[in-house]
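To be precise, the following lines are protein-v6.cif, and they hold mmCIF, C-alpha atoms.
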```cif
data_coords
loop_
_atom_site.group_PDB
_atom_site.id
_atom_site.type_symbol
_atom_site.label_atom_id
_atom_site.label_comp_id
_atom_site.auth_asym_id
_atom_site.auth_seq_id
_atom_site.Cartn_x
_atom_site.Cartn_y
_atom_site.Cartn_z
ATOM 1 C CA MET Q 1 -9.734 19.319 17.508
ATOM 2 C CA PRO Q 2 -9.361 19.925 13.730
ATOM 3 C CA ARG Q 3 -7.324 17.420 11.768
ATOM 4 C CA LYS Q 4 -3.805 18.418 10.793
ATOM 5 C CA PRO Q 5 -3.598 19.257 7.063
ATOM 6 C CA ARG Q 6 -1.932 16.562 5.004
ATOM 7 C CA GLN Q 7 1.614 17.461 3.968
ATOM 8 C CA GLU Q 8 1.781 18.180 0.241
ATOM 9 C CA SER Q 9 4.631 16.871 -1.911
ATOM 10 C CA SER Q 10 6.332 19.327 -4.275
ATOM 11 C CA THR Q 11 6.738 16.457 -6.776
ATOM 12 C CA GLU Q 12 3.206 15.071 -6.257
ATOM 13 C CA PHE Q 13 4.771 11.684 -5.434
ATOM 14 C CA TYR Q 14 3.507 9.949 -2.293
ATOM 15 C CA HIS Q 15 4.031 6.739 -0.372
ATOM 16 C CA ILE Q 16 0.646 5.711 1.021
ATOM 17 C CA THR Q 17 -0.242 3.101 3.610
ATOM 18 C CA SER Q 18 -3.296 2.135 5.625
ATOM 19 C CA ARG Q 19 -3.999 -0.772 7.972
ATOM 20 C CA GLY Q 20 -7.004 -2.600 9.354
ATOM 21 C CA ILE Q 21 -8.661 -1.224 12.455
ATOM 22 C CA ASN Q 22 -7.329 -2.770 15.666
ATOM 23 C CA LYS Q 23 -4.669 -4.438 13.476
ATOM 24 C CA PHE Q 24 -7.301 -6.775 12.011
ATOM 25 C CA PRO Q 25 -6.019 -8.962 9.140
ATOM 26 C CA ILE Q 26 -8.451 -7.456 6.641
ATOM 27 C CA PHE Q 27 -6.515 -8.960 3.707
ATOM 28 C CA SER Q 28 -5.873 -12.387 5.229
ATOM 29 C CA LYS Q 29 -7.452 -14.269 2.320
ATOM 30 C CA ASN Q 30 -6.090 -14.298 -1.232
ATOM 31 C CA LEU Q 31 -9.578 -13.450 -2.485
ATOM 32 C CA GLU Q 32 -9.582 -10.315 -0.308
ATOM 33 C CA ARG Q 33 -6.219 -9.153 -1.629
ATOM 34 C CA SER Q 34 -7.369 -9.749 -5.191
ATOM 35 C CA ARG Q 35 -10.600 -7.877 -4.537
ATOM 36 C CA PHE Q 36 -8.739 -4.868 -3.154
ATOM 37 C CA LEU Q 37 -6.409 -4.754 -6.174
ATOM 38 C CA ASN Q 38 -9.417 -5.019 -8.485
ATOM 39 C CA ILE Q 39 -10.958 -2.015 -6.733
ATOM 40 C CA VAL Q 40 -7.698 -0.089 -7.185
ATOM 41 C CA HIS Q 41 -7.551 -1.089 -10.857
ATOM 42 C CA ASP Q 42 -11.181 -0.134 -11.533
ATOM 43 C CA SER Q 43 -10.745 3.251 -9.808
ATOM 44 C CA ILE Q 44 -7.569 4.420 -11.570
ATOM 45 C CA SER Q 45 -9.264 5.753 -14.697
ATOM 46 C CA GLN Q 46 -11.612 7.931 -12.636
ATOM 47 C CA TYR Q 47 -8.825 10.054 -11.150
ATOM 48 C CA ASN Q 48 -5.696 11.906 -12.216
ATOM 49 C CA ILE Q 49 -3.300 9.470 -10.582
ATOM 50 C CA LYS Q 50 -0.392 7.245 -11.588
ATOM 51 C CA ILE Q 51 0.635 4.200 -9.554
ATOM 52 C CA PHE Q 52 4.293 3.117 -9.561
ATOM 53 C CA ALA Q 53 4.317 0.394 -6.895
ATOM 54 C CA TYR Q 54 1.939 -1.472 -4.614
ATOM 55 C CA CYS Q 55 1.827 -4.343 -2.165
ATOM 56 C CA VAL Q 56 -1.091 -5.827 -0.235
ATOM 57 C CA MET Q 57 -0.128 -7.519 3.033
ATOM 58 C CA SER Q 58 -2.365 -9.329 5.527
ATOM 59 C CA ASN Q 59 -3.438 -6.278 7.546
ATOM 60 C CA HIS Q 60 -2.221 -3.289 5.535
ATOM 61 C CA PHE Q 61 -1.174 -2.137 2.081
ATOM 62 C CA HIS Q 62 1.350 0.172 0.415
ATOM 63 C CA LEU Q 63 1.027 2.380 -2.667
ATOM 64 C CA LEU Q 64 3.640 4.529 -4.395
ATOM 65 C CA MET Q 65 1.806 6.994 -6.575
ATOM 66 C CA ARG Q 66 1.761 10.412 -8.178
ATOM 67 C CA ALA Q 67 -1.279 12.652 -7.886
ATOM 68 C CA PRO Q 68 -2.390 16.197 -7.059
ATOM 69 C CA ILE Q 69 -3.286 16.269 -3.364
ATOM 70 C CA GLU Q 70 -7.030 16.671 -4.048
ATOM 71 C CA GLU Q 71 -7.084 13.733 -6.451
ATOM 72 C CA LEU Q 72 -5.063 11.652 -4.010
ATOM 73 C CA SER Q 73 -7.613 12.178 -1.239
ATOM 74 C CA ALA Q 74 -10.569 11.480 -3.524
ATOM 75 C CA PHE Q 75 -8.999 8.311 -4.910
ATOM 76 C CA MET Q 76 -8.111 6.982 -1.471
ATOM 77 C CA ALA Q 77 -11.581 7.788 -0.130
ATOM 78 C CA ARG Q 78 -13.103 5.727 -2.929
ATOM 79 C CA ILE Q 79 -10.919 2.613 -2.702
ATOM 80 C CA LEU Q 80 -11.095 2.493 1.105
ATOM 81 C CA SER Q 81 -14.855 2.946 1.240
ATOM 82 C CA VAL Q 82 -15.583 0.450 -1.551
ATOM 83 C CA TYR Q 83 -13.370 -2.174 0.060
ATOM 84 C CA ALA Q 84 -14.902 -1.501 3.499
ATOM 85 C CA VAL Q 85 -18.389 -2.190 2.116
ATOM 86 C CA TYR Q 86 -17.148 -5.410 0.497
ATOM 87 C CA TYR Q 87 -15.333 -6.562 3.645
ATOM 88 C CA ASN Q 88 -18.263 -5.834 5.973
ATOM 89 C CA GLN Q 89 -20.735 -7.610 3.725
ATOM 90 C CA LYS Q 90 -18.459 -10.620 3.347
ATOM 91 C CA HIS Q 91 -17.898 -10.952 7.098
ATOM 92 C CA ASN Q 92 -21.415 -9.919 8.153
ATOM 93 C CA ARG Q 93 -20.155 -7.030 10.250
ATOM 94 C CA VAL Q 94 -20.634 -3.256 10.554
ATOM 95 C CA GLY Q 95 -18.323 -0.399 11.456
ATOM 96 C CA TYR Q 96 -14.928 0.867 10.432
ATOM 97 C CA VAL Q 97 -12.558 -1.393 8.537
ATOM 98 C CA PHE Q 98 -9.485 0.854 8.271
ATOM 99 C CA ASP Q 99 -7.642 2.459 11.179
ATOM 100 C CA GLY Q 100 -8.314 6.187 10.830
ATOM 101 C CA ARG Q 101 -6.952 8.270 7.973
ATOM 102 C CA PHE Q 102 -4.537 6.754 5.518
ATOM 103 C CA ARG Q 103 -0.927 7.786 6.106
ATOM 104 C CA SER Q 104 1.136 9.543 3.460
ATOM 105 C CA GLN Q 105 4.840 10.241 3.035
ATOM 106 C CA CYS Q 106 6.115 12.812 0.551
ATOM 107 C CA ILE Q 107 8.640 11.565 -2.008
ATOM 108 C CA GLU Q 108 10.780 14.557 -2.952
ATOM 109 C CA ASP Q 109 13.707 13.094 -4.905
ATOM 110 C CA GLU Q 110 14.686 10.268 -7.221
ATOM 111 C CA SER Q 111 16.724 8.365 -4.651
ATOM 112 C CA TYR Q 112 13.821 8.267 -2.209
ATOM 113 C CA PHE Q 113 11.498 7.150 -5.003
ATOM 114 C CA PHE Q 114 13.577 4.089 -5.908
ATOM 115 C CA ASN Q 115 14.283 3.186 -2.293
ATOM 116 C CA CYS Q 116 10.585 3.443 -1.478
ATOM 117 C CA LEU Q 117 9.668 1.250 -4.451
ATOM 118 C CA ARG Q 118 12.179 -1.331 -3.250
ATOM 119 C CA TYR Q 119 10.878 -1.168 0.321
ATOM 120 C CA ILE Q 120 7.320 -1.812 -0.862
ATOM 121 C CA HIS Q 121 8.335 -4.850 -2.898
ATOM 122 C CA LEU Q 122 10.376 -6.299 -0.015
ATOM 123 C CA ASN Q 123 7.503 -6.157 2.503
ATOM 124 C CA PRO Q 124 6.272 -9.743 2.027
ATOM 125 C CA VAL Q 125 9.834 -11.115 2.083
ATOM 126 C CA LYS Q 126 10.631 -9.394 5.373
ATOM 127 C CA ALA Q 127 7.334 -10.660 6.792
ATOM 128 C CA ASN Q 128 8.269 -14.240 5.754
ATOM 129 C CA MET Q 129 5.242 -14.440 3.470
ATOM 130 C CA CYS Q 130 7.463 -15.508 0.571
ATOM 131 C CA LYS Q 131 11.117 -16.267 -0.098
ATOM 132 C CA SER Q 132 11.558 -13.909 -3.037
ATOM 133 C CA ILE Q 133 9.799 -10.798 -4.314
ATOM 134 C CA GLU Q 134 9.027 -12.546 -7.585
ATOM 135 C CA ASN Q 135 7.035 -15.224 -5.741
ATOM 136 C CA TYR Q 136 4.493 -12.810 -4.264
ATOM 137 C CA ARG Q 137 1.308 -12.404 -6.282
ATOM 138 C CA TYR Q 138 -0.005 -9.238 -4.669
ATOM 139 C CA SER Q 139 2.740 -6.709 -5.338
ATOM 140 C CA SER Q 140 3.720 -4.692 -8.381
ATOM 141 C CA PHE Q 141 6.981 -6.580 -8.922
ATOM 142 C CA LYS Q 142 5.064 -9.210 -10.873
ATOM 143 C CA GLU Q 143 3.931 -6.488 -13.287
ATOM 144 C CA TYR Q 144 7.482 -5.202 -13.747
ATOM 145 C CA ALA Q 145 8.681 -8.763 -14.306
ATOM 146 C CA SER Q 146 5.959 -9.390 -16.886
ATOM 147 C CA PRO Q 147 4.832 -6.090 -18.501
ATOM 148 C CA SER Q 148 2.290 -7.912 -20.646
ATOM 149 C CA SER Q 149 0.314 -8.650 -17.458
ATOM 150 C CA ALA Q 150 0.342 -5.005 -16.340
ATOM 151 C CA GLY Q 151 -2.933 -3.641 -15.057
ATOM 152 C CA ILE Q 152 -2.321 -1.196 -12.218
ATOM 153 C CA ILE Q 153 1.173 0.159 -12.852
ATOM 154 C CA HIS Q 154 1.182 3.230 -15.115
ATOM 155 C CA PRO Q 155 3.057 2.947 -18.467
ATOM 156 C CA ILE Q 156 5.406 5.769 -17.414
ATOM 157 C CA ALA Q 157 6.606 3.560 -14.553
ATOM 158 C CA PHE Q 158 7.958 1.000 -17.016
ATOM 159 C CA GLU Q 159 9.806 3.738 -18.895
ATOM 160 C CA ILE Q 160 11.406 4.949 -15.665
ATOM 161 C CA ILE Q 161 12.524 1.453 -14.678
ATOM 162 C CA ASN Q 162 13.813 0.634 -18.179
ATOM 163 C CA ASN Q 163 15.792 3.888 -18.309
ATOM 164 C CA HIS Q 164 17.276 3.381 -14.844
ATOM 165 C CA PHE Q 165 18.122 -0.324 -14.927
ATOM 166 C CA GLU Q 166 19.963 -2.307 -17.585
ATOM 167 C CA SER Q 167 17.753 -5.378 -17.267
ATOM 168 C CA LEU Q 168 15.157 -7.117 -15.129
ATOM 169 C CA GLU Q 169 17.973 -8.920 -13.307
ATOM 170 C CA HIS Q 170 19.614 -5.590 -12.540
ATOM 171 C CA PHE Q 171 16.288 -4.297 -11.246
ATOM 172 C CA LYS Q 172 15.824 -7.412 -9.123
ATOM 173 C CA SER Q 173 19.353 -7.246 -7.665
ATOM 174 C CA PHE Q 174 18.716 -3.612 -6.710
ATOM 175 C CA HIS Q 175 16.229 -4.926 -4.133
ATOM 176 C CA SER Q 176 19.068 -6.424 -2.091
ATOM 177 C CA VAL Q 177 20.904 -3.107 -1.633
ATOM 178 C CA PHE Q 178 20.946 -1.632 1.884
ATOM 179 C CA THR Q 179 19.344 1.766 2.489
ATOM 180 C CA ASP Q 180 19.485 4.078 5.495
ATOM 181 C CA LYS Q 181 16.059 5.600 4.805
ATOM 182 C CA VAL Q 182 12.938 4.966 6.888
ATOM 183 C CA PHE Q 183 9.516 4.519 5.289
ATOM 184 C CA ILE Q 184 6.056 4.756 6.809
ATOM 185 C CA ASP Q 185 4.661 1.410 7.855
ATOM 186 C CA LEU Q 186 3.152 -0.290 10.875
ATOM 187 C CA PRO Q 187 4.742 1.191 14.042
ATOM 188 C CA GLU Q 188 6.557 -2.058 14.853
ATOM 189 C CA ASP Q 189 7.962 -2.203 11.318
ATOM 190 C CA GLU Q 190 9.162 1.405 11.454
ATOM 191 C CA LEU Q 191 10.925 0.586 14.726
ATOM 192 C CA LEU Q 192 12.546 -2.426 13.071
ATOM 193 C CA GLN Q 193 13.742 -0.240 10.178
ATOM 194 C CA ARG Q 194 15.374 2.161 12.623
ATOM 195 C CA LYS Q 195 16.959 -0.686 14.579
ATOM 196 C CA ILE Q 196 18.532 -2.135 11.435
ATOM 197 C CA ILE Q 197 19.922 1.243 10.396
ATOM 198 C CA ALA Q 198 21.113 2.017 13.938
ATOM 199 C CA THR Q 199 22.915 -1.336 14.003
ATOM 200 C CA SER Q 200 24.766 -0.233 10.878
ATOM 201 C CA LEU Q 201 25.653 3.059 12.620
ATOM 202 C CA LEU Q 202 26.964 1.049 15.567
ATOM 203 C CA HIS Q 203 29.114 -1.009 13.206
ATOM 204 C CA ASN Q 204 30.623 2.210 11.793
ATOM 205 C CA MET Q 205 31.271 3.481 15.311
ATOM 206 C CA GLN Q 206 32.879 0.160 16.217
ATOM 207 C CA GLN Q 207 35.275 0.458 13.285
ATOM 208 C CA ASP Q 208 36.142 4.076 14.140
ATOM 209 C CA LEU Q 209 36.839 3.330 17.812
ATOM 210 C CA ASP Q 210 38.284 -0.146 17.153
ATOM 211 C CA ILE Q 211 36.455 -1.709 20.103
ATOM 212 C CA PRO Q 212 33.683 -4.357 20.182
ATOM 213 C CA ALA Q 213 30.086 -3.197 19.887
ATOM 214 C CA VAL Q 214 29.197 -4.739 23.257
ATOM 215 C CA GLU Q 215 31.874 -2.646 24.965
ATOM 216 C CA ILE Q 216 30.577 0.520 23.271
ATOM 217 C CA LEU Q 217 27.115 -0.118 24.704
ATOM 218 C CA ASP Q 218 28.384 -1.168 28.151
ATOM 219 C CA ASN Q 219 30.561 1.930 28.562
ATOM 220 C CA ILE Q 220 28.473 4.931 29.683
ATOM 221 C CA PRO Q 221 30.319 7.701 27.709
ATOM 222 C CA SER Q 222 30.388 5.746 24.438
ATOM 223 C CA ARG Q 223 26.804 4.545 24.993
ATOM 224 C CA LYS Q 224 25.631 8.151 25.368
ATOM 225 C CA MET Q 225 27.588 9.054 22.254
ATOM 226 C CA PHE Q 226 25.784 6.302 20.336
ATOM 227 C CA ASP Q 227 22.404 7.457 21.661
ATOM 228 C CA THR Q 228 23.179 10.961 20.399
ATOM 229 C CA ILE Q 229 24.181 9.609 16.979
ATOM 230 C CA ILE Q 230 20.855 7.778 16.722
ATOM 231 C CA LYS Q 231 18.913 10.839 17.914
ATOM 232 C CA ASN Q 232 20.528 13.146 15.371
ATOM 233 C CA PHE Q 233 20.389 10.674 12.489
ATOM 234 C CA PHE Q 234 16.647 10.040 12.791
ATOM 235 C CA ASN Q 235 15.773 13.455 14.267
ATOM 236 C CA ILE Q 236 13.947 11.827 17.176
ATOM 237 C CA SER Q 237 13.884 12.337 20.937
ATOM 238 C CA MET Q 238 16.652 11.042 23.173
ATOM 239 C CA GLN Q 239 14.169 8.659 24.821
ATOM 240 C CA GLN Q 240 13.295 7.153 21.430
ATOM 241 C CA ALA Q 241 16.997 6.846 20.631
ATOM 242 C CA GLU Q 242 17.628 5.065 23.934
ATOM 243 C CA ASN Q 243 14.778 2.639 23.225
ATOM 244 C CA ILE Q 244 16.320 1.717 19.868
ATOM 245 C CA ARG Q 245 19.750 1.273 21.480
ATOM 246 C CA LYS Q 246 18.262 -0.975 24.179
ATOM 247 C CA LEU Q 247 16.753 -3.213 21.487
ATOM 248 C CA ILE Q 248 20.166 -3.559 19.856
ATOM 249 C CA GLN Q 249 21.826 -4.134 23.239
ATOM 250 C CA SER Q 250 19.327 -6.855 24.124
ATOM 251 C CA GLU Q 251 19.847 -8.559 20.768
ATOM 252 C CA LEU Q 252 23.636 -8.545 21.197
ATOM 253 C CA LYS Q 253 23.321 -10.059 24.671
ATOM 254 C CA GLN Q 254 21.035 -12.793 23.380
ATOM 255 C CA LYS Q 255 23.522 -13.631 20.644
ATOM 256 C CA GLY Q 256 26.311 -13.731 23.197
ATOM 257 C CA GLN Q 257 24.366 -16.198 25.341
ATOM 258 C CA SER Q 258 23.357 -18.456 22.473
#
```

Would you write the structure of this file as structure tokens?
Amino acid sequence: MPRKPRQESSTEFYHITSRGINKFPIFSKNLERSRFLNIVHDSISQYNIKIFAYCVMSNHFHLLMRAPIEELSAFMARILSVYAVYYNQKHNRVGYVFDGRFRSQCIEDESYFFNCLRYIHLNPVKANMCKSIENYRYSSFKEYASPSSAGIIHPIAFEIINNHFESLEHFKSFHSVFTDKVFIDLPEDELLQRKIIATSLLHNMQQDLDIPAVEILDNIPSRKMFDTIIKNFFNISMQQAENIRKLIQSELKQKGQS
């Protein structure tokens, strides 16, 4: 079966992610994360691309970049293949290192751009790999915090941030703002994003109906209403909506028992 063509962004902005095959922690060592970022840095000048944010986790990475679709594919093919050779040689193994094709998400407006940048920077905090975004060495926030150390982030990115935020502190505080957008990530992380947003939707419903959240989920008519709200908000199937609601319901019950 032929592969589905990659969706092309009208703005040429993309959120990119790729993870290790079989969920392997292919960036578990600091040296491996540094090596991957060095490969990215050394490859930038060879392609018509601009990177605005990045983060290397233990088994996957994120990039926020602008590029024509052909250049995007060529750039990604290079950095993935070069790192795969390095990783296999280092670990005395053969075979695939990354799990299939890299995933891409089109960024079509300014709001989505800034929210995506924030999401990328917050990845290590949410994964309990650090307490603050400024403490993580393998994301682009360190470059924004210290422009003199910039190496991967394109100069235009600094202009955009400086024009949008009054100061570095303003930029940093922006990372604590809630968003109701979902970004591509590991499947379990995407589910967690939806659960957090759906919990906020439940809170709004609770205020409108003026009844406790537990009662909303225990009552069949209101529970179905909430499932429909989730389904329509995320544009997903009813079964997926019910699965998200069940996660929230289970969490509320656990809190009630604790």

Quick check on the file I pasted: which residues fall under the PyMOL selection byres ((chain Q and resi 183) around 12)? Write them as number ranges by chain. Q: 14-17, 62-64, 103-107, 112-120, 123, 179-182, 184-194, 234

Mind giving me the straight-line distance from atom CA of Q:Ala241 to atom CA of Q:Thr228 in Å, one decimal? 7.4 Å

Enter the distance from atom CA of Q:Phe36 to atom CA of Q:Val56, in Å, rounded to one decimal.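 Result for atom CA of Q:Phe36 versus atom CA of Q:Val56: 8.2 Å, one decimal.
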
Pick from Q:Ala127, Q:Ser43, Q:Ile160, Q:Asn235, whichever lies nearest to Q:Ala77 using only C-alpha atoms: Q:Ser43

Residue with smallest distance to Q:Glu215 - pool Q:Arg137, Q:Gly95, Q:Gln249, Q:Gln254, counting all atoms listed in the file: Q:Gln249

Given the file shown, enumerate the residues that the PyMOL selection byres ((chain Q and resi 142) around 12) captures and present them as a PyMOL selection string. chain Q and resi 53-55+121+132-141+143-153+168+172

Coordinates-based distance that separates atom CA of Q:Leu31 from atom CA of Q:Lys131 (Å, one decimal):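 Atom CA of Q:Leu31 lies 21.0 Å from atom CA of Q:Lys131.
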
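With all atoms listed in the file as the basis for measurement, Q:Phe174 is the residue among Q:Phe174, Q:Tyr87, Q:Phe226, Q:Phe102 that approaches Q:Ile161 most closely.
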
Given the choices Q:Glu70, Q:His175, Q:Asn22, Q:Arg6, which gets closest to Q:Arg101 if the distance is worked out from all atoms listed in the file?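 Using all atoms listed in the file, Q:Arg101 sits closest to Q:Arg6.
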
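Shortest atom-to-atom contact with Q:Asp109 among Q:Glu12, Q:Glu32, Q:Asp42, Q:Asp218: Q:Glu12, counting all atoms listed in the file.
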
Counting all atoms listed in the file, closest pick from Q:Lys195, Q:His203, Q:His60, Q:Lys50 relative to Q:Phe24 is Q:His60

Kindly provide, as a ChimeraX atom specification, the polymer residues lying within 7 Å of (-12.9, -0.3, 8.1), counting all atoms listed in the file and using the coordinates exactly as they appear in the file. /Q:20-21,84,95-99

Please enumerate the residues selected by the PyMOL selection byres ((chain Q and resi 86) around 12) when evaluated against the supplied file, formatted as a PyMOL selection string. chain Q and resi 26-27+31-33+35-36+38-39+79-85+87-94+96-97

Name all residues at most 12 Å from Q:Lys253 (count all atoms listed in the file; drop same-chain ones fewer than 5 positions away) and give them as an mmCIF file with C-alpha atoms, keeping the file's coordinate frame.
```
data_model
loop_
_atom_site.group_PDB
_atom_site.id
_atom_site.type_symbol
_atom_site.label_atom_id
_atom_site.label_comp_id
_atom_site.auth_asym_id
_atom_site.auth_seq_id
_atom_site.Cartn_x
_atom_site.Cartn_y
_atom_site.Cartn_z
ATOM 1 C CA ALA Q 213 30.086 -3.197 19.887
ATOM 2 C CA VAL Q 214 29.197 -4.739 23.257
ATOM 3 C CA GLU Q 215 31.874 -2.646 24.965
ATOM 4 C CA LEU Q 217 27.115 -0.118 24.704
ATOM 5 C CA ASP Q 218 28.384 -1.168 28.151
ATOM 6 C CA LYS Q 246 18.262 -0.975 24.179
ATOM 7 C CA LEU Q 247 16.753 -3.213 21.487
ATOM 8 C CA ILE Q 248 20.166 -3.559 19.856
ATOM 9 C CA SER Q 258 23.357 -18.456 22.473
#
```

Which residues come within 6 Å of Q:Pro25, counting all atoms listed in the file, excluding same-chain residues fewer than 2 positions away, as a list in words? Phe27, Ser28, Ser58 and Asn59 of chain Q

Using only C-alpha atoms, which residues sit within 9 Å of stretch 73-75 of chain Q once same-chain residues fewer than 5 positions away are excluded, as number ranges by chain? Q: 40, 43-44, 46-49, 68, 80

Keeping C-alpha atoms, export the residues of the selection given above as an mmCIF file, keeping the file's coordinate frame.
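After the write, out.cif holds the following:
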```cif
data_model
loop_
_atom_site.group_PDB
_atom_site.id
_atom_site.type_symbol
_atom_site.label_atom_id
_atom_site.label_comp_id
_atom_site.auth_asym_id
_atom_site.auth_seq_id
_atom_site.Cartn_x
_atom_site.Cartn_y
_atom_site.Cartn_z
ATOM 1 C CA VAL Q 40 -7.698 -0.089 -7.185
ATOM 2 C CA SER Q 43 -10.745 3.251 -9.808
ATOM 3 C CA ILE Q 44 -7.569 4.420 -11.570
ATOM 4 C CA GLN Q 46 -11.612 7.931 -12.636
ATOM 5 C CA TYR Q 47 -8.825 10.054 -11.150
ATOM 6 C CA ASN Q 48 -5.696 11.906 -12.216
ATOM 7 C CA ILE Q 49 -3.300 9.470 -10.582
ATOM 8 C CA PRO Q 68 -2.390 16.197 -7.059
ATOM 9 C CA LEU Q 80 -11.095 2.493 1.105
#
```

What box, with edges along x, y and z, holds each listed atom of stretch 183-189 of chain Q when 4 Å is added on every side, and can you state its centre and edge lengths in Å to one decimal, as JSON?
```
{"center_x": 6.3, "center_y": 1.3, "center_z": 10.1, "size_x": 14.4, "size_y": 15.0, "size_z": 17.6}
```

Can I get N, CA, C and O atoms for stretch 30-44 of chain Q, as a tab-separated table (two decimals), in the first residue's frame?
```tsv
chain	number	residue	atom	x	y	z
Q	30	ASN	N	23.40	11.61	28.04
Q	30	ASN	CA	23.63	13.02	27.69
Q	30	ASN	C	24.48	13.13	26.44
Q	30	ASN	O	24.25	14.01	25.59
Q	31	LEU	N	25.46	12.25	26.29
Q	31	LEU	CA	26.32	12.26	25.11
Q	31	LEU	C	25.51	12.02	23.84
Q	31	LEU	O	25.78	12.63	22.80
Q	32	GLU	N	24.48	11.18	23.92
Q	32	GLU	CA	23.65	10.88	22.75
Q	32	GLU	C	22.78	12.08	22.38
Q	32	GLU	O	22.60	12.39	21.19
Q	33	ARG	N	22.26	12.76	23.37
Q	33	ARG	CA	21.47	13.96	23.10
Q	33	ARG	C	22.34	15.05	22.48
Q	33	ARG	O	21.94	15.72	21.52
Q	34	SER	N	23.53	15.21	23.02
Q	34	SER	CA	24.46	16.20	22.47
Q	34	SER	C	24.85	15.85	21.05
Q	34	SER	O	24.92	16.74	20.18
Q	35	ARG	N	25.08	14.58	20.80
Q	35	ARG	CA	25.46	14.15	19.45
Q	35	ARG	C	24.34	14.44	18.46
Q	35	ARG	O	24.59	14.93	17.35
Q	36	PHE	N	23.10	14.15	18.85
Q	36	PHE	CA	21.98	14.42	17.94
Q	36	PHE	C	21.88	15.91	17.63
Q	36	PHE	O	21.69	16.30	16.48
Q	37	LEU	N	22.00	16.76	18.65
Q	37	LEU	CA	21.92	18.20	18.43
Q	37	LEU	C	23.09	18.69	17.57
Q	37	LEU	O	22.93	19.62	16.77
Q	38	ASN	N	24.24	18.08	17.72
Q	38	ASN	CA	25.38	18.44	16.86
Q	38	ASN	C	25.09	18.08	15.40
Q	38	ASN	O	25.45	18.84	14.49
Q	39	ILE	N	24.44	16.96	15.19
Q	39	ILE	CA	24.07	16.55	13.82
Q	39	ILE	C	23.08	17.55	13.24
Q	39	ILE	O	23.19	17.95	12.08
Q	40	VAL	N	22.09	17.95	14.05
Q	40	VAL	CA	21.12	18.96	13.61
Q	40	VAL	C	21.85	20.25	13.25
Q	40	VAL	O	21.63	20.84	12.18
Q	41	HIS	N	22.72	20.70	14.13
Q	41	HIS	CA	23.46	21.94	13.92
Q	41	HIS	C	24.30	21.87	12.64
Q	41	HIS	O	24.30	22.81	11.83
Q	42	ASP	N	25.01	20.78	12.44
Q	42	ASP	CA	25.89	20.65	11.28
Q	42	ASP	C	25.12	20.52	9.97
Q	42	ASP	O	25.68	20.74	8.89
Q	43	SER	N	23.84	20.14	10.05
Q	43	SER	CA	23.04	19.91	8.84
Q	43	SER	C	22.24	21.14	8.41
Q	43	SER	O	21.78	21.21	7.26
Q	44	ILE	N	22.07	22.10	9.30
Q	44	ILE	CA	21.21	23.26	9.01
Q	44	ILE	C	21.64	24.00	7.76
Q	44	ILE	O	20.81	24.34	6.91
```
